[in-house]
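*Asks:* I am sharing query-v5.txt, which consists of compact mmCIF, C-alpha atoms:
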# COMPACT_ATOMS: atom_id res chain seq x y z
CA MET K 152 123.37 111.55 120.82
CA ASP K 153 120.29 109.34 120.84
CA LEU K 154 119.65 109.37 117.08
CA ALA K 155 116.89 106.77 117.26
CA GLY K 156 114.97 108.88 119.76
CA TYR K 157 115.57 112.04 117.74
CA LEU K 158 114.34 110.44 114.51
CA THR K 159 111.27 108.97 116.23
CA ASP K 160 110.36 112.38 117.66
CA ARG K 161 110.91 114.28 114.40
CA ARG K 162 109.05 111.69 112.32
CA ALA K 163 106.08 111.97 114.67
CA MET K 164 106.11 115.77 114.23
CA ILE K 165 106.34 115.44 110.45
CA GLU K 166 103.62 112.81 110.14
CA ALA K 167 101.24 114.81 112.31
CA ALA K 168 101.86 117.82 110.07
CA LEU K 169 101.39 115.78 106.89
CA ASP K 170 98.09 114.41 108.15
CA ARG K 171 96.98 117.98 108.85
CA LEU K 172 98.26 119.54 105.62
CA LEU K 173 97.29 116.89 103.05
CA PRO K 174 93.83 117.17 101.48
CA ALA K 175 91.17 115.11 103.26
CA THR K 176 89.68 112.03 101.60
CA ASP K 177 86.15 113.43 101.92
CA ARG K 178 87.11 116.40 99.75
CA ARG K 179 86.46 116.15 96.03
CA PRO K 180 88.08 114.51 94.07
CA GLU K 181 88.00 111.93 96.83
CA ARG K 182 89.75 109.09 94.97
CA LEU K 183 92.74 111.29 94.11
CA HIS K 184 93.11 112.49 97.67
CA GLU K 185 92.89 108.90 98.91
CA ALA K 186 95.68 107.91 96.53
CA VAL K 187 97.82 110.88 97.62
CA ARG K 188 97.44 110.05 101.30
CA TYR K 189 98.06 106.33 100.62
CA SER K 190 101.60 107.03 99.42
CA MET K 191 102.37 110.05 101.58
CA LEU K 192 101.39 108.41 104.86
CA ALA K 193 103.04 105.04 104.14
CA PRO K 194 105.80 104.19 106.63
CA GLY K 195 109.08 105.80 105.63
CA LYS K 196 112.36 107.23 106.90
CA ARG K 197 111.21 110.85 106.29
CA LEU K 198 114.90 111.63 105.77
CA ARG K 199 114.40 114.74 103.64
CA PRO K 200 111.96 116.53 105.96
CA VAL K 201 114.05 115.48 108.97
CA LEU K 202 117.07 117.12 107.31
CA VAL K 203 115.07 120.32 106.81
CA LEU K 204 114.25 120.40 110.53
CA ALA K 205 117.78 119.43 111.57
CA SER K 206 119.38 122.14 109.41
CA ALA K 207 117.05 124.71 110.97
CA GLU K 208 118.11 123.54 114.43
CA ALA K 209 121.78 123.65 113.43
CA VAL K 210 121.59 127.45 113.19
CA GLY K 211 119.42 127.84 116.29
CA GLY K 212 116.07 127.92 114.51
CA ASP K 213 112.72 126.53 115.61
CA PRO K 214 111.92 123.39 113.57
CA GLU K 215 108.18 124.10 113.73
CA HIS K 216 108.76 127.35 111.82
CA VAL K 217 109.96 125.41 108.76
CA MET K 218 107.53 122.49 109.00
CA PRO K 219 105.54 123.44 105.84
CA THR K 220 108.79 123.37 103.83
CA ALA K 221 109.85 120.09 105.45
CA CYS K 222 106.53 118.57 104.36
CA ALA K 223 107.00 120.07 100.90
CA LEU K 224 110.28 118.19 100.46
CA GLU K 225 108.56 114.94 101.40
CA CYS K 226 105.81 115.68 98.84
CA ILE K 227 108.42 116.07 96.11
CA HIS K 228 110.22 112.91 97.18
CA VAL K 229 107.02 110.83 97.22
CA PHE K 230 105.95 112.29 93.86
CA SER K 231 109.21 110.95 92.43
CA LEU K 232 108.67 107.51 94.01
CA ILE K 233 105.13 107.18 92.65
CA HIS K 234 106.31 108.04 89.14
CA ASP K 235 109.47 105.91 89.38
CA ASP K 236 107.36 102.86 90.22
CA LEU K 237 105.13 103.17 87.14
CA PRO K 238 105.39 100.52 84.39
CA CYS K 239 106.86 103.10 82.00
CA MET K 240 109.74 103.67 84.44
CA ASP K 241 110.95 101.02 86.93
CA ASP K 242 107.72 98.94 86.94
CA ASP K 243 107.89 98.09 90.66
CA ASP K 244 105.08 96.39 92.61
CA TYR K 245 106.15 97.30 96.15
CA ARG K 246 107.33 100.46 97.87
CA ARG K 247 107.81 101.07 101.60
CA GLY K 248 106.58 97.56 102.31
CA ARG K 249 103.23 97.88 100.56
CA LEU K 250 101.80 97.76 97.04
CA THR K 251 102.84 100.68 94.88
CA ASN K 252 100.33 103.41 94.13
CA HIS K 253 99.53 102.29 90.60
CA LYS K 254 98.92 98.72 91.78
CA VAL K 255 96.18 99.98 94.09
CA TYR K 256 94.72 102.96 92.20
CA GLY K 257 95.73 102.36 88.57
CA GLU K 258 98.31 104.05 86.40
CA ALA K 259 96.33 107.18 85.56
CA MET K 260 95.51 107.94 89.20
CA ALA K 261 99.10 107.27 90.24
CA MET K 262 100.38 109.69 87.61
CA LEU K 263 97.93 112.36 88.77
CA SER K 264 98.79 111.70 92.43
CA GLY K 265 102.41 112.49 91.68
CA ASP K 266 101.41 115.62 89.76
CA ALA K 267 99.25 116.74 92.67
CA LEU K 268 102.06 116.26 95.17
CA LEU K 269 104.59 118.23 93.13
CA THR K 270 102.26 121.22 92.93
CA LEU K 271 101.19 120.88 96.57
CA ALA K 272 104.84 121.13 97.60
CA PHE K 273 105.15 124.73 96.45
CA GLU K 274 101.78 125.63 97.94
CA LEU K 275 103.11 124.36 101.27
CA MET K 276 106.37 126.28 100.94
CA ALA K 277 104.36 129.46 100.39
CA GLN K 278 102.83 128.92 103.83
CA ASN K 279 106.22 129.74 105.36
CA ARG K 280 105.58 133.40 104.53
CA ALA K 281 104.10 133.75 108.02
CA THR K 282 107.47 133.12 109.68
CA VAL K 283 110.12 133.87 107.02
CA SER K 284 111.22 137.00 105.16
CA PRO K 285 110.02 137.17 101.51
CA ASP K 286 113.59 137.26 100.15
CA ARG K 287 114.64 134.10 101.97
CA LEU K 288 111.42 132.32 101.08
CA LEU K 289 111.83 133.13 97.37
CA GLN K 290 115.44 131.95 97.50
CA ALA K 291 114.33 128.69 99.13
CA ILE K 292 111.61 128.13 96.52
CA GLU K 293 114.13 128.69 93.73
CA LEU K 294 116.61 126.22 95.27
CA VAL K 295 113.94 123.54 95.76
CA SER K 296 112.63 124.07 92.22
CA ASN K 297 116.12 123.72 90.74
CA ALA K 298 116.78 120.58 92.80
CA SER K 299 113.52 119.01 91.59
CA GLY K 300 113.56 119.73 87.86
CA THR K 301 115.81 119.28 84.86
CA ARG K 302 118.82 120.65 86.73
CA GLY K 303 118.25 118.19 89.55
CA MET K 304 116.15 115.11 90.23
CA VAL K 305 114.26 114.91 86.92
CA GLY K 306 117.45 115.48 84.92
CA GLY K 307 119.22 112.72 86.85
CA GLN K 308 116.32 110.35 86.24
CA VAL K 309 116.51 110.98 82.50
CA VAL K 310 120.23 110.19 82.33
CA ASP K 311 119.63 107.12 84.51
CA ILE K 312 117.05 105.82 82.00
CA GLU K 313 119.32 106.60 79.07
CA SER K 314 122.19 104.72 80.75
CA GLU K 315 120.36 101.41 81.17
CA ASP K 316 122.19 98.56 79.39
CA GLN K 317 125.13 100.93 78.77
CA ASP K 318 128.72 100.89 79.99
CA VAL K 319 128.79 104.26 81.74
CA SER K 320 131.76 106.38 82.73
CA GLU K 321 132.52 107.50 86.27
CA GLU K 322 131.48 111.03 85.26
CA THR K 323 128.05 109.86 84.06
CA LEU K 324 127.48 107.74 87.17
CA ASP K 325 128.39 110.69 89.40
CA TYR K 326 126.01 112.90 87.42
CA ILE K 327 123.14 110.44 87.86
CA HIS K 328 123.64 110.09 91.59
CA ALA K 329 124.31 113.79 92.22
CA HIS K 330 121.11 114.77 90.42
CA LYS K 331 118.61 111.91 90.74
CA THR K 332 119.06 111.45 94.50
CA GLY K 333 121.68 113.93 95.66
CA ALA K 334 119.99 117.15 94.58
CA LEU K 335 116.95 116.76 96.82
CA LEU K 336 119.03 115.61 99.80
CA ARG K 337 121.42 118.53 99.26
CA VAL K 338 118.66 121.14 99.25
CA SER K 339 116.93 119.47 102.22
CA SER K 340 120.18 119.84 104.17
CA LEU K 341 120.30 123.60 103.81
CA VAL K 342 116.85 125.02 103.14
CA GLY K 343 115.73 124.88 106.78
CA ALA K 344 118.85 126.77 107.82
CA LEU K 345 118.34 129.31 105.04
CA LEU K 346 114.80 130.01 106.21
CA CYS K 347 116.05 130.44 109.78
CA GLY K 348 118.63 133.09 108.96
CA ALA K 349 121.81 131.12 108.18
CA ASP K 350 124.70 133.26 106.95
CA GLU K 351 126.57 132.67 103.69
CA GLY K 352 129.35 130.65 105.31
CA GLN K 353 126.87 128.34 107.03
CA ILE K 354 124.97 127.81 103.78
CA GLU K 355 128.18 126.88 101.94
CA SER K 356 129.11 124.39 104.68
CA LEU K 357 125.66 122.82 104.50
CA LYS K 358 125.91 122.59 100.72
CA ARG K 359 129.12 120.56 101.11
CA TYR K 360 127.49 118.43 103.78
CA GLY K 361 124.42 117.79 101.61
CA LYS K 362 126.47 116.97 98.53
CA SER K 363 128.42 114.30 100.41
CA ILE K 364 125.48 112.71 102.20
CA GLY K 365 123.54 112.65 98.92
CA LEU K 366 126.27 110.64 97.25
CA ALA K 367 126.79 108.41 100.30
CA PHE K 368 123.07 107.69 100.47
CA GLN K 369 122.84 106.64 96.82
CA ILE K 370 125.95 104.46 97.02
CA ALA K 371 124.45 102.80 100.12
CA ASP K 372 121.18 102.26 98.25
CA ASP K 373 123.08 100.70 95.35
CA ILE K 374 124.72 98.29 97.80
CA LEU K 375 121.45 97.51 99.58
CA ASP K 376 119.89 96.58 96.24
CA ILE K 377 122.39 93.70 96.19
CA VAL K 378 122.81 92.70 99.84
CA GLY K 379 119.84 94.30 101.61
CA ASP K 380 116.97 92.69 103.49
CA GLU K 381 113.72 93.17 101.55
CA SER K 382 111.68 93.26 104.77
CA LYS K 383 113.76 96.20 106.01
CA ILE K 384 114.16 98.27 102.85
CA GLY K 385 110.51 97.88 101.82
CA LYS K 386 111.04 96.92 98.18
CA PRO K 387 112.45 93.96 96.25
CA VAL K 388 116.23 93.63 96.14
CA GLY K 389 117.95 93.16 92.80
CA SER K 390 115.81 95.61 90.82
CA ASP K 391 118.85 97.64 89.72
CA GLN K 392 120.57 94.53 88.42
CA LYS K 393 117.38 93.33 86.75
CA GLN K 394 117.12 96.60 84.82
CA ASN K 395 120.89 96.73 84.23
CA LYS K 396 121.13 100.18 85.81
CA ALA K 397 124.30 102.17 86.31
CA THR K 398 125.38 101.69 89.94
CA TYR K 399 128.54 102.02 92.02
CA PRO K 400 128.87 98.28 92.74
CA ARG K 401 128.53 97.57 89.03
CA LEU K 402 131.36 100.00 88.24
CA TYR K 403 133.61 99.56 91.28
CA GLY K 404 132.52 96.42 93.14
CA LEU K 405 131.06 96.17 96.66
CA ASP K 406 134.21 96.73 98.72
CA GLU K 407 135.27 99.88 96.88
CA SER K 408 131.69 101.17 96.95
CA ARG K 409 131.53 100.75 100.72
CA LYS K 410 134.84 102.61 101.04
CA ARG K 411 133.58 105.48 98.90
CA ALA K 412 130.35 105.78 100.90
CA ARG K 413 132.27 105.98 104.18
CA ASN K 414 134.67 108.58 102.75
CA GLU K 415 131.72 110.74 101.73
CA VAL K 416 130.30 110.51 105.26
CA ALA K 417 133.63 111.63 106.70
CA THR K 418 133.62 114.58 104.29
CA ALA K 419 130.05 115.47 105.30
CA VAL K 420 130.85 115.44 109.01
CA ALA K 421 133.99 117.54 108.44
CA ALA K 422 131.90 120.14 106.61
CA LEU K 423 130.11 120.83 109.92
CA ASP K 424 133.29 121.67 111.88
CA ALA K 425 132.24 125.30 112.26
CA PHE K 426 128.90 124.33 113.82
CA GLY K 427 128.37 123.60 117.47
CA SER K 428 126.35 120.97 119.28
CA HIS K 429 123.11 122.09 117.60
CA ALA K 430 124.38 120.34 114.45
CA GLU K 431 124.90 116.99 116.18
CA PRO K 432 121.73 115.52 114.62
CA LEU K 433 123.14 116.28 111.15
CA ARG K 434 126.41 114.54 112.06
CA ALA K 435 124.56 111.51 113.40
CA ILE K 436 122.32 111.32 110.32
CA ALA K 437 125.39 111.28 108.06
CA ARG K 438 126.82 108.31 109.95
CA TYR K 439 123.44 106.55 109.97
CA ILE K 440 123.28 106.65 106.17
CA VAL K 441 126.11 104.14 105.78
CA GLU K 442 125.41 102.21 108.95
CA ARG K 443 121.91 101.15 107.86
CA GLU K 444 122.98 97.81 106.41
CA LEU K 445 126.58 98.20 105.24
Would it be possible to restate this file's structure as C-alpha cells?

*Replies:*
Amino acid sequence: MDLAGYLTDRRAMIEAALDRLLPATDRRPERLHEAVRYSMLAPGKRLRPVLVLASAEAVGGDPEHVMPTACALECIHVFSLIHDDLPCMDDDDYRRGRLTNHKVYGEAMAMLSGDALLTLAFELMAQNRATVSPDRLLQAIELVSNASGTRGMVGGQVVDIESEDQDVSEETLDYIHAHKTGALLRVSSLVGALLCGADEGQIESLKRYGKSIGLAFQIADDILDIVGDESKIGKPVGSDQKQNKATYPRLYGLDESRKRARNEVATAVAALDAFGSHAEPLRAIARYIVEREL
C-alpha cells in the first residue's frame, strides 16, 4: 500500500480535528492555551492517533467516529513530551524541530500545559458517547487511563529515572520500554477497534500487535539516539548517552538491537493474520517503525 499517502491523509484529518478541538488562544487563560497549541500543533508523526484510526478501520469502522479518542491519545503523548523535556526530567531544549515548551513559555506554564492536556484527553474521549455504546466507551477510558498512569507510561518513566547511571537487567529494561513508551502505543493500537465493535479475539490480536510495535518503536528510538539525523528526528542525538539512560544498544549493542526490533515487527505483523486487507495500514506502520532510519 501507499503508506506515505495514507499517513499524509490521516495526519491532515487529525491536525484539522486538533485545531478544532483545542481551546482557542483568545479564550482565557490565553497564555496557557497558546502554550498548549504550540506543542500540540508542532510538526509530528501523529503515530498514536493514526494507530487509533487504523485500528478502527481494521475492523471495518469509520475513522471519523473515533477521532475525539485519537486526538485524546495525542494529548496524552504531548503532555508526556512537555514534562519529559523539563529541567527536572531530561532538560531538553528542542522537540519536534523547535524549542521545547518551557524554553518558550517558562517552566511553570509548561508544567500546567501538560496538566491541561492530560485532563483534556479524557474530556475528548467523553465526546465519543455520541457514536459509541457506554460500556465500550467506559472500557476504552479505563484502558487509556491504565496505559497513562502508574501502571503504564508514568510508571515506566519513574523506573527509567531510577535506572540512570545503573547497570540494569534485561527485565528492568523491558519493563521501562513496555511501560514508558509501549503502553500508550499498545492502547492506541486497539482502542479504535474496541470503540468500533471489535470482538474479543480481535482485541487480543491487536494487544499482541501493539505490544510488539511498542517495543520495536522504543528500540528504534534508542538506536536513532546514537545514529540518527538530528534534522529528521527533531531533537538532539546522544541525549540518552549523555544522561546514561538504560537503552537496548547500551545492553546489547547496535547489531543485536536492530535484530530485536525487526523480530518484534515480524511478531506484530503475524498477530494480524486473522485480519483482512482493512488491516494493511497497521501492517505497513509496523514495518515503517524499523525502516525509519535503521

*Asks:* Smallest atom-to-atom distance to K:Asp406: which of K:Val187, K:Ile374, K:Leu154, K:Val295, using all atoms listed in the file?

*Replies:*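 Selected residue with least distance to K:Asp406: K:Ile374.
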
*Asks:* Could you produce a table of the residues of stretch 244-321 of chain K lying within 12 Å of stretch 333-346 of chain K, with the nearest pair of atoms per residue and their separation in Å rounded to one decimal, using all atoms listed in the file, ordered by chain and increasing residue number, as CSV?

*Replies:*
residue,atom,partner,partner_atom,distance
K:Met276,CA,K:Leu346,CA,10.6
K:Ala277,CA,K:Leu346,CA,12.0
K:Asn279,CA,K:Leu346,CA,8.6
K:Arg280,CA,K:Leu346,CA,10.0
K:Ala281,CA,K:Leu346,CA,11.5
K:Thr282,CA,K:Leu346,CA,8.7
K:Val283,CA,K:Leu346,CA,6.1
K:Ser284,CA,K:Leu346,CA,7.9
K:Pro285,CA,K:Leu346,CA,9.8
K:Asp286,CA,K:Leu346,CA,9.5
K:Arg287,CA,K:Leu346,CA,5.9
K:Leu288,CA,K:Leu346,CA,6.6
K:Leu289,CA,K:Leu346,CA,9.8
K:Gln290,CA,K:Leu345,CA,8.5
K:Ala291,CA,K:Val342,CA,6.0
K:Ile292,CA,K:Val342,CA,9.0
K:Glu293,CA,K:Val338,CA,10.4
K:Leu294,CA,K:Val338,CA,6.8
K:Val295,CA,K:Val338,CA,6.3
K:Ser296,CA,K:Leu335,CA,9.7
K:Asn297,CA,K:Ala334,CA,8.5
K:Ala298,CA,K:Ala334,CA,5.0
K:Ser299,CA,K:Leu335,CA,6.6
K:Gly300,CA,K:Ala334,CA,9.7
K:Thr301,CA,K:Ala334,CA,10.8
K:Arg302,CA,K:Ala334,CA,8.7
K:Gly303,CA,K:Ala334,CA,5.4
K:Met304,CA,K:Ala334,CA,6.2
K:Val305,CA,K:Ala334,CA,9.8
K:Gly306,CA,K:Ala334,CA,10.1
K:Gly307,CA,K:Ala334,CA,8.9
K:Gln308,CA,K:Ala334,CA,11.4

*Asks:* Quick one: contact table of stretch 254-335 of chain K to stretch 163-183 of chain K, 10 Å max, nearest atom pair and distance in Å to one decimal per residue, counting all atoms listed in the file, chain and number order, as JSON lines?

*Replies:*
{"residue": "K:Tyr256", "atom": "CA", "partner": "K:Arg182", "partner_atom": "CA", "distance": 8.4}
{"residue": "K:Met260", "atom": "CA", "partner": "K:Leu183", "partner_atom": "CA", "distance": 6.6}
{"residue": "K:Ala261", "atom": "CA", "partner": "K:Leu183", "partner_atom": "CA", "distance": 8.5}
{"residue": "K:Leu263", "atom": "CA", "partner": "K:Leu183", "partner_atom": "CA", "distance": 7.5}
{"residue": "K:Ser264", "atom": "CA", "partner": "K:Leu183", "partner_atom": "CA", "distance": 6.3}
{"residue": "K:Ala267", "atom": "CA", "partner": "K:Leu183", "partner_atom": "CA", "distance": 8.6}
{"residue": "K:Leu268", "atom": "CA", "partner": "K:Leu173", "partner_atom": "CA", "distance": 9.2}
{"residue": "K:Leu271", "atom": "CA", "partner": "K:Leu173", "partner_atom": "CA", "distance": 8.6}
{"residue": "K:Leu275", "atom": "CA", "partner": "K:Leu172", "partner_atom": "CA", "distance": 8.1}

*Asks:* For the selection just defined, write its residues with C-alpha atoms to a file, as a CSV table (one decimal), in the frame of the given file.

*Replies:*
chain,number,residue,atom,x,y,z
K,256,TYR,CA,94.7,103.0,92.2
K,260,MET,CA,95.5,107.9,89.2
K,261,ALA,CA,99.1,107.3,90.2
K,263,LEU,CA,97.9,112.4,88.8
K,264,SER,CA,98.8,111.7,92.4
K,267,ALA,CA,99.2,116.7,92.7
K,268,LEU,CA,102.1,116.3,95.2
K,271,LEU,CA,101.2,120.9,96.6
K,275,LEU,CA,103.1,124.4,101.3

*Asks:* Which residue gives the smallest distance to K:Ser231 among K:Ala367, K:Leu269, K:Leu324, K:Val203, with only C-alpha atoms counted?

*Replies:*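 Of K:Ala367, K:Leu269, K:Leu324, K:Val203, the one nearest K:Ser231 is K:Leu269, counting only C-alpha atoms.
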
*Asks:* In Å, with one decimal, what is the gap from atom CA of K:Tyr326 to atom CA of K:Asp350?

*Replies:* 28.2 Å

*Asks:* For each of K:Asp325, K:Thr332, K:Val210, K:Lys254, take the minimum atom-to-atom distance to K:Leu423, counting all atoms listed in the file, then give the residue where this is smallest.

*Replies:*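 Closest candidate: K:Val210.
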
*Asks:* Skipping near chain neighbours, those fewer than 5 positions away, what residues fall within 9 Å of K:Leu366 using only C-alpha atoms, listed as number ranges by chain?

*Replies:* K: 325, 328-329, 332-333, 361, 371, 412, 415-416

*Asks:* Take stretch 400-436 of chain K, model N, CA and C atoms, and hand the result over as a tab-separated table (two decimals), in the coordinates of the input.

*Replies:*
chain	number	residue	atom	x	y	z
K	400	PRO	N	128.33	99.64	92.70
K	400	PRO	CA	128.87	98.28	92.74
K	400	PRO	C	129.14	97.71	91.34
K	401	ARG	N	128.30	98.06	90.40
K	401	ARG	CA	128.53	97.57	89.03
K	401	ARG	C	129.83	98.13	88.46
K	402	LEU	N	130.16	99.38	88.79
K	402	LEU	CA	131.36	100.00	88.24
K	402	LEU	C	132.60	99.71	89.06
K	403	TYR	N	132.44	99.65	90.41
K	403	TYR	CA	133.61	99.56	91.28
K	403	TYR	C	133.67	98.30	92.14
K	404	GLY	N	132.57	97.56	92.24
K	404	GLY	CA	132.52	96.42	93.14
K	404	GLY	C	132.05	96.85	94.53
K	405	LEU	N	131.65	95.88	95.35
K	405	LEU	CA	131.06	96.17	96.66
K	405	LEU	C	132.05	96.79	97.64
K	406	ASP	N	133.25	96.24	97.73
K	406	ASP	CA	134.21	96.73	98.72
K	406	ASP	C	134.59	98.19	98.46
K	407	GLU	N	134.90	98.51	97.23
K	407	GLU	CA	135.27	99.88	96.88
K	407	GLU	C	134.08	100.81	97.06
K	408	SER	N	132.88	100.35	96.77
K	408	SER	CA	131.69	101.17	96.95
K	408	SER	C	131.47	101.49	98.42
K	409	ARG	N	131.65	100.50	99.29
K	409	ARG	CA	131.53	100.75	100.72
K	409	ARG	C	132.56	101.79	101.18
K	410	LYS	N	133.77	101.67	100.68
K	410	LYS	CA	134.84	102.61	101.04
K	410	LYS	C	134.47	104.02	100.61
K	411	ARG	N	133.95	104.16	99.40
K	411	ARG	CA	133.58	105.48	98.90
K	411	ARG	C	132.44	106.09	99.71
K	412	ALA	N	131.47	105.28	100.09
K	412	ALA	CA	130.35	105.78	100.90
K	412	ALA	C	130.86	106.30	102.24
K	413	ARG	N	131.74	105.55	102.88
K	413	ARG	CA	132.27	105.98	104.18
K	413	ARG	C	133.12	107.24	104.06
K	414	ASN	N	133.87	107.36	102.98
K	414	ASN	CA	134.67	108.58	102.75
K	414	ASN	C	133.76	109.80	102.60
K	415	GLU	N	132.65	109.62	101.90
K	415	GLU	CA	131.72	110.74	101.73
K	415	GLU	C	131.11	111.15	103.07
K	416	VAL	N	130.83	110.18	103.93
K	416	VAL	CA	130.30	110.51	105.26
K	416	VAL	C	131.32	111.30	106.05
K	417	ALA	N	132.57	110.90	105.99
K	417	ALA	CA	133.63	111.63	106.70
K	417	ALA	C	133.72	113.07	106.19
K	418	THR	N	133.59	113.24	104.88
K	418	THR	CA	133.62	114.58	104.29
K	418	THR	C	132.43	115.40	104.77
K	419	ALA	N	131.26	114.77	104.84
K	419	ALA	CA	130.05	115.47	105.30
K	419	ALA	C	130.21	115.95	106.74
K	420	VAL	N	130.69	115.07	107.61
K	420	VAL	CA	130.85	115.44	109.01
K	420	VAL	C	131.88	116.56	109.15
K	421	ALA	N	132.96	116.50	108.38
K	421	ALA	CA	133.99	117.54	108.44
K	421	ALA	C	133.45	118.90	107.99
K	422	ALA	N	132.48	118.89	107.10
K	422	ALA	CA	131.90	120.14	106.61
K	422	ALA	C	131.17	120.89	107.71
K	423	LEU	N	130.85	120.21	108.82
K	423	LEU	CA	130.11	120.83	109.92
K	423	LEU	C	131.03	121.28	111.06
K	424	ASP	N	132.34	121.33	110.81
K	424	ASP	CA	133.29	121.67	111.88
K	424	ASP	C	133.00	123.03	112.52
K	425	ALA	N	132.49	123.96	111.73
K	425	ALA	CA	132.24	125.30	112.26
K	425	ALA	C	130.96	125.39	113.08
K	426	PHE	N	130.16	124.34	113.07
K	426	PHE	CA	128.90	124.33	113.82
K	426	PHE	C	129.12	123.73	115.21
K	427	GLY	N	128.29	124.12	116.13
K	427	GLY	CA	128.37	123.60	117.47
K	427	GLY	C	127.51	122.37	117.69
K	428	SER	N	127.09	122.18	118.93
K	428	SER	CA	126.35	120.97	119.28
K	428	SER	C	124.96	120.92	118.65
K	429	HIS	N	124.43	122.09	118.24
K	429	HIS	CA	123.11	122.09	117.60
K	429	HIS	C	123.11	121.28	116.29
K	430	ALA	N	124.29	121.09	115.70
K	430	ALA	CA	124.38	120.34	114.45
K	430	ALA	C	124.64	118.86	114.67
K	431	GLU	N	124.62	118.41	115.92
K	431	GLU	CA	124.90	116.99	116.18
K	431	GLU	C	123.92	116.06	115.48
K	432	PRO	N	122.62	116.40	115.39
K	432	PRO	CA	121.73	115.52	114.62
K	432	PRO	C	122.17	115.35	113.17
K	433	LEU	N	122.66	116.41	112.54
K	433	LEU	CA	123.14	116.28	111.15
K	433	LEU	C	124.34	115.34	111.08
K	434	ARG	N	125.25	115.43	112.04
K	434	ARG	CA	126.41	114.54	112.06
K	434	ARG	C	125.96	113.09	112.23
K	435	ALA	N	125.03	112.88	113.13
K	435	ALA	CA	124.56	111.51	113.40
K	435	ALA	C	123.80	110.95	112.20
K	436	ILE	N	123.04	111.77	111.52
K	436	ILE	CA	122.32	111.32	110.32
K	436	ILE	C	123.30	110.90	109.24
